[in-house]
Amino acid sequence: MNTRDRFKRILDFEMDLLVQEWVSPRTAKFPAPKHHGTSIITDEKQYDELKRNHQLFAKPSFVNFDKYKAEHDAGDCAFWFTIEGFFWFPRTLFGIEDHLYAFYDYPELIKRINQDQVDYTFTFLEDMIKRYQPEFMTMAEDMSYNNGAMLSESQFDEFMLPYYQQIIPLLKKYGVKVFIDSDGDITECINWFKRAGIEGILPLERQAGVDINQLRENHPEFLFLGGFDKTIMHKGEVALRKEFERLMPAVKKGGYLISVDHQIPPSVSLKDYYLYLKLFREYAQDYQK
């Protein structure tokens, strides 16, 4: 079964298992920040030190893909992988606040970091695709919050677009669907992503006001995954059905797979989640009819 056929089975709700690999450029020696979101580096010298001490850009392993390769080759599961993108990766080095200042204080260092990430990706990308034939991939970015993107379109064009444009042609050469993984309201950014050759996005956070039906109307060719409002998952069957009904118009137009719009909150019990899965399968069967 080829990549295109397996991806169609995902969108037609005919596969139960998606297997992911997260490809991190950090080695086991990479230092942890003092607190979440604080800096590892503040300047070029510290970045060079990380590279010199081999704390970045090690050869990745693909343990999950190896484990499920037989099932994948038989068409019983789908593979997807994640690469840290060109907003995300510099942020893990600078820290959340200092990263935003770095667009002005260290613009050339951000570009250098992103080019290093591109060069690292090319060390494994083609061989990995040929061996495992993943159906789709995500660029981890998290570049938006509740009121939209944390950078401007001109900054996107300067600091992110050139690096996407190096990697995406190789992905498309092998038929791998290219998604962005970004929280928050990504409505405005979709046109930016399309210019980069990106084909889809997830997780479509409802709390940030993302409306999948409007997105499907505005971008009929784009692929979407997510959109199910996680905040109602503990409220019982009536609330769950109402949410599925809200999403079904977009499902019926194709190119959209329902999934929880982010991590499942602790208010959702295992019983709640089983009910969600039961109704998911019910609505998937209705769609297939």
# chains A, B, ... in the order shown; residues from 1 in each chain; ligands from 1
call {"tool": "closest_atom_pairs", "arguments": {"of": "region 145-240 of chain A", "to": "region 61-85 of chain A", "cutoff": "9 Å", "atoms": "only C-alpha atoms", "output": "Markdown table"}}
result
| residue | atom | partner | partner_atom | distance |
| --- | --- | --- | --- | --- |
| A:Met160 | CA | A:Gly85 | CA | 8.3 |
| A:Tyr163 | CA | A:Gly85 | CA | 8.9 |
| A:Tyr164 | CA | A:Gly85 | CA | 8.4 |
| A:Val176 | CA | A:Trp80 | CA | 8.9 |
| A:Ile180 | CA | A:Gly85 | CA | 8.6 |
| A:Asp181 | CA | A:Thr82 | CA | 8.8 |
call {"tool": "residues_around", "arguments": {"residues": "His35 (chain A)", "least_positions_apart": "6", "cutoff": "12 Å", "atoms": "only C-alpha atoms", "output": "PyMOL selection string"}}
result
chain A and resi 92+95-96
call {"tool": "closest_residue", "arguments": {"among": "A:Met233, A:Asn147, A:Phe86, A:Ser182", "to": "Gln165 (chain A)", "atoms": "only C-alpha atoms"}}
result
A:Phe86
call {"tool": "select_by_dssp", "arguments": {"residues": "region 40-190 of chain A", "states": "strand (DSSP E or B)", "output": "number ranges by chain"}}
result
A: 56, 78-84, 136-140, 144-145, 148-149, 177-181
call {"tool": "residues_around", "arguments": {"residues": "Ser144 (chain A)", "least_positions_apart": "2", "cutoff": "7 Å", "atoms": "only C-alpha atoms", "output": "number ranges by chain"}}
result
A: 142, 146, 148-150, 182-186
call {"tool": "write_last_selection", "arguments": {"atoms": "C-alpha atoms", "output": "short mmCIF file (atom, residue, chain, number, x, y, z; two decimals), in the first residue's frame"}}
result
data_model
loop_
_atom_site.label_atom_id
_atom_site.label_comp_id
_atom_site.auth_asym_id
_atom_site.auth_seq_id
_atom_site.Cartn_x
_atom_site.Cartn_y
_atom_site.Cartn_z
CA ASP A 142 3.47 26.84 18.79
CA ASN A 146 -5.28 33.29 21.98
CA GLY A 148 -3.07 35.30 17.05
CA ALA A 149 0.55 34.91 16.01
CA MET A 150 3.44 36.00 18.23
CA SER A 182 0.75 25.33 16.48
CA ASP A 183 -1.47 26.11 19.42
CA GLY A 184 -3.57 29.26 19.63
CA ASP A 185 -5.42 31.14 16.93
CA ILE A 186 -3.72 30.26 13.65
#
call {"tool": "closest_residue", "arguments": {"among": "A:Lys194, A:Thr231, A:Leu109, A:Trp22", "to": "Asp48 (chain A)", "atoms": "only C-alpha atoms"}}
result
A:Leu109
call {"tool": "closest_residue", "arguments": {"among": "A:Tyr174, A:Tyr256, A:Phe159, A:Phe94", "to": "Pro203 (chain A)", "atoms": "only C-alpha atoms"}}
result
A:Tyr256
call {"tool": "select_by_dssp", "arguments": {"residues": "region 5-254 of chain A", "states": "helix (DSSP H, G or I)", "output": "PyMOL selection string"}}
result
chain A and resi 5-11+44-52+63-73+88-94+96-105+107-122+125-132+153-159+161-173+190-196+206-208+212-218+230-232+237-252
call {"tool": "residues_around", "arguments": {"residues": "region 187-190 of chain A", "least_positions_apart": "2", "cutoff": "9 Å", "atoms": "only C-alpha atoms", "output": "list in words"}}
result
Ser144, Gly148, Ala149, Glu153, Asp185, Trp192, Phe193, Lys194, Arg195, Ile198, Gly200, Ile201, Val210, Asp211, Leu215, His219 and Phe222 of chain A
call {"tool": "write_last_selection", "arguments": {"atoms": "all heavy atoms", "output": "compact mmCIF listing (two decimals), in the first residue's frame"}}
result
# COMPACT_ATOMS: atom_id res chain seq x y z
N SER A 144 1.49 30.76 17.99
CA SER A 144 0.33 31.61 18.20
C SER A 144 -0.20 31.43 19.62
O SER A 144 0.05 30.41 20.27
CB SER A 144 -0.78 31.28 17.21
OG SER A 144 -0.39 31.58 15.89
N GLY A 148 -3.76 35.39 18.33
CA GLY A 148 -3.07 35.30 17.05
C GLY A 148 -1.59 35.03 17.18
O GLY A 148 -1.09 34.64 18.24
N ALA A 149 -0.87 35.26 16.08
CA ALA A 149 0.55 34.91 16.01
C ALA A 149 1.39 35.80 16.91
O ALA A 149 1.06 36.98 17.14
CB ALA A 149 1.04 35.01 14.57
N GLU A 153 3.80 38.92 9.90
CA GLU A 153 3.99 38.23 8.63
C GLU A 153 5.37 38.53 8.04
O GLU A 153 6.02 37.64 7.48
CB GLU A 153 2.90 38.61 7.63
CG GLU A 153 2.99 37.84 6.33
CD GLU A 153 1.81 38.09 5.41
OE1 GLU A 153 0.96 38.95 5.73
OE2 GLU A 153 1.74 37.43 4.35
N ASP A 185 -4.63 30.76 18.09
CA ASP A 185 -5.42 31.14 16.93
C ASP A 185 -4.51 31.27 15.71
O ASP A 185 -3.76 32.23 15.58
CB ASP A 185 -6.14 32.46 17.20
CG ASP A 185 -7.07 32.86 16.06
OD1 ASP A 185 -7.12 32.13 15.05
OD2 ASP A 185 -7.73 33.90 16.18
N TRP A 192 0.05 32.40 5.30
CA TRP A 192 1.52 32.40 5.36
C TRP A 192 2.04 30.99 5.10
O TRP A 192 2.97 30.80 4.31
CB TRP A 192 2.02 32.86 6.72
CG TRP A 192 1.45 34.12 7.28
CD1 TRP A 192 0.58 34.99 6.68
CD2 TRP A 192 1.71 34.65 8.58
NE1 TRP A 192 0.28 36.02 7.53
CE2 TRP A 192 0.96 35.85 8.70
CE3 TRP A 192 2.50 34.24 9.65
CZ2 TRP A 192 0.99 36.63 9.86
CZ3 TRP A 192 2.53 35.01 10.81
CH2 TRP A 192 1.78 36.19 10.90
N PHE A 193 1.44 30.02 5.78
CA PHE A 193 1.88 28.63 5.65
C PHE A 193 1.70 28.12 4.22
O PHE A 193 2.56 27.39 3.69
CB PHE A 193 1.11 27.73 6.61
CG PHE A 193 1.30 28.06 8.06
CD1 PHE A 193 0.25 27.93 8.96
CD2 PHE A 193 2.53 28.48 8.55
CE1 PHE A 193 0.42 28.22 10.31
CE2 PHE A 193 2.72 28.78 9.89
CZ PHE A 193 1.65 28.64 10.77
N LYS A 194 0.62 28.51 3.60
CA LYS A 194 0.37 28.05 2.23
C LYS A 194 1.46 28.54 1.28
O LYS A 194 1.87 27.82 0.36
CB LYS A 194 -1.02 28.51 1.77
CG LYS A 194 -2.15 27.77 2.45
CD LYS A 194 -3.47 28.50 2.33
CE LYS A 194 -4.22 28.16 1.11
NZ LYS A 194 -5.60 28.72 1.12
N ARG A 195 1.94 29.75 1.50
CA ARG A 195 3.01 30.27 0.66
C ARG A 195 4.29 29.47 0.82
O ARG A 195 5.13 29.43 -0.08
CB ARG A 195 3.28 31.75 0.99
CG ARG A 195 2.19 32.68 0.53
CD ARG A 195 2.63 34.14 0.55
NE ARG A 195 2.74 34.70 1.89
CZ ARG A 195 3.86 34.94 2.54
NH1 ARG A 195 5.03 34.64 1.99
NH2 ARG A 195 3.85 35.48 3.74
N ILE A 198 3.18 24.46 2.85
CA ILE A 198 2.59 23.62 3.91
C ILE A 198 1.17 23.29 3.53
O ILE A 198 0.44 24.10 2.95
CB ILE A 198 2.69 24.35 5.26
CG1 ILE A 198 4.16 24.40 5.69
CG2 ILE A 198 1.83 23.69 6.33
CD1 ILE A 198 4.49 25.48 6.66
N GLY A 200 -1.24 21.47 5.76
CA GLY A 200 -2.23 21.24 6.80
C GLY A 200 -1.78 21.79 8.13
O GLY A 200 -0.64 22.25 8.29
N ILE A 201 -2.70 21.74 9.11
CA ILE A 201 -2.40 22.28 10.44
C ILE A 201 -3.18 21.54 11.50
O ILE A 201 -4.28 21.01 11.25
CB ILE A 201 -2.71 23.80 10.48
CG1 ILE A 201 -2.10 24.45 11.72
CG2 ILE A 201 -4.20 24.07 10.39
CD1 ILE A 201 -1.98 25.95 11.62
N VAL A 210 -10.72 29.23 17.32
CA VAL A 210 -10.57 28.62 16.00
C VAL A 210 -11.87 27.90 15.61
O VAL A 210 -12.40 27.11 16.38
CB VAL A 210 -9.39 27.63 15.98
CG1 VAL A 210 -9.28 26.95 14.62
CG2 VAL A 210 -8.09 28.34 16.32
N ASP A 211 -12.35 28.20 14.43
CA ASP A 211 -13.63 27.65 13.93
C ASP A 211 -13.33 26.80 12.69
O ASP A 211 -13.08 27.33 11.61
CB ASP A 211 -14.57 28.80 13.58
CG ASP A 211 -15.93 28.33 13.08
OD1 ASP A 211 -16.09 27.11 12.84
OD2 ASP A 211 -16.82 29.17 12.91
N LEU A 215 -12.77 27.73 8.69
CA LEU A 215 -11.49 27.43 8.04
C LEU A 215 -11.70 26.55 6.80
O LEU A 215 -11.08 26.77 5.76
CB LEU A 215 -10.55 26.72 9.02
CG LEU A 215 -10.00 27.54 10.17
CD1 LEU A 215 -9.10 26.68 11.05
CD2 LEU A 215 -9.24 28.77 9.69
N HIS A 219 -10.55 27.70 3.20
CA HIS A 219 -9.38 26.98 2.67
C HIS A 219 -9.80 25.56 2.29
O HIS A 219 -9.43 24.59 2.96
CB HIS A 219 -8.25 26.95 3.71
CG HIS A 219 -7.88 28.30 4.25
ND1 HIS A 219 -7.08 29.19 3.55
CD2 HIS A 219 -8.22 28.94 5.41
CE1 HIS A 219 -6.92 30.29 4.26
NE2 HIS A 219 -7.60 30.16 5.38
N PHE A 222 -7.03 22.80 2.07
CA PHE A 222 -6.10 22.61 3.17
C PHE A 222 -6.53 21.42 4.02
O PHE A 222 -7.71 21.07 4.06
CB PHE A 222 -6.06 23.89 4.04
CG PHE A 222 -4.72 24.23 4.62
CD1 PHE A 222 -3.63 24.47 3.80
CD2 PHE A 222 -4.53 24.34 5.99
CE1 PHE A 222 -2.39 24.80 4.32
CE2 PHE A 222 -3.30 24.67 6.53
CZ PHE A 222 -2.22 24.91 5.69
call {"tool": "closest_residue", "arguments": {"among": "A:Thr121, A:Asn218, A:Ser39, A:Gln133", "to": "Pro25 (chain A)", "atoms": "only C-alpha atoms"}}
result
A:Thr121
call {"tool": "residues_around", "arguments": {"residues": "Phe244 (chain A)", "least_positions_apart": "2", "cutoff": "10 Å", "atoms": "only C-alpha atoms", "output": "compact mmCIF listing (two decimals) with N, CA and C atoms, in the first residue's frame"}}
result
# COMPACT_ATOMS: atom_id res chain seq x y z
N GLY A 227 -9.54 20.18 16.57
CA GLY A 227 -10.77 20.96 16.59
C GLY A 227 -11.80 20.57 17.62
N PHE A 228 -11.68 19.38 18.25
CA PHE A 228 -12.69 18.96 19.22
C PHE A 228 -12.41 19.65 20.55
N ASP A 229 -13.40 20.37 21.06
CA ASP A 229 -13.24 21.20 22.26
C ASP A 229 -13.01 20.33 23.49
N ALA A 239 -23.40 16.82 25.75
CA ALA A 239 -22.40 17.81 25.37
C ALA A 239 -21.46 17.26 24.30
N LEU A 240 -21.07 16.00 24.44
CA LEU A 240 -20.18 15.39 23.46
C LEU A 240 -20.86 15.30 22.09
N ARG A 241 -22.11 14.88 22.08
CA ARG A 241 -22.82 14.80 20.80
C ARG A 241 -22.96 16.17 20.15
N LYS A 242 -23.24 17.16 20.94
CA LYS A 242 -23.36 18.52 20.40
C LYS A 242 -22.06 18.96 19.74
N ARG A 246 -21.32 19.75 15.76
CA ARG A 246 -20.73 21.02 15.31
C ARG A 246 -19.64 20.78 14.28
N LEU A 247 -18.89 19.69 14.44
CA LEU A 247 -17.74 19.43 13.58
C LEU A 247 -18.08 18.67 12.29
N MET A 248 -19.21 17.97 12.27
CA MET A 248 -19.50 17.10 11.14
C MET A 248 -19.62 17.81 9.79
N PRO A 249 -20.13 19.05 9.72
CA PRO A 249 -20.15 19.70 8.39
C PRO A 249 -18.77 19.79 7.76
N VAL A 251 -16.22 17.75 8.47
CA VAL A 251 -15.83 16.37 8.17
C VAL A 251 -16.37 15.94 6.81
N ILE A 258 -11.26 14.64 12.88
CA ILE A 258 -11.55 15.08 14.24
C ILE A 258 -10.52 14.52 15.21
N TYR A 276 -16.11 9.33 24.78
CA TYR A 276 -15.68 10.10 23.61
C TYR A 276 -15.30 9.16 22.46
N LEU A 279 -18.41 7.47 20.88
CA LEU A 279 -19.15 8.37 20.00
C LEU A 279 -18.34 8.71 18.76
N PHE A 280 -17.02 8.81 18.90
CA PHE A 280 -16.17 9.05 17.74
C PHE A 280 -16.40 7.96 16.69
N TYR A 283 -19.86 8.31 15.01
CA TYR A 283 -19.94 9.35 14.00
C TYR A 283 -19.07 9.04 12.79
call {"tool": "atom_distance", "arguments": {"atom1": "CA of Arg112 (chain A)", "atom2": "CA of Glu199 (chain A)"}}
result
25.9 Å
call {"tool": "atom_distance", "arguments": {"atom1": "CA of Ala58 (chain A)", "atom2": "CA of Thr27 (chain A)"}}
result
6.0 Å
call {"tool": "atom_distance", "arguments": {"atom1": "CA of Glu108 (chain A)", "atom2": "CA of Phe122 (chain A)"}}
result
21.2 Å
call {"tool": "closest_residue", "arguments": {"among": "A:Pro134, A:Gln155, A:Asn191, A:Glu205", "to": "Val178 (chain A)", "atoms": "only C-alpha atoms"}}
result
A:Pro134
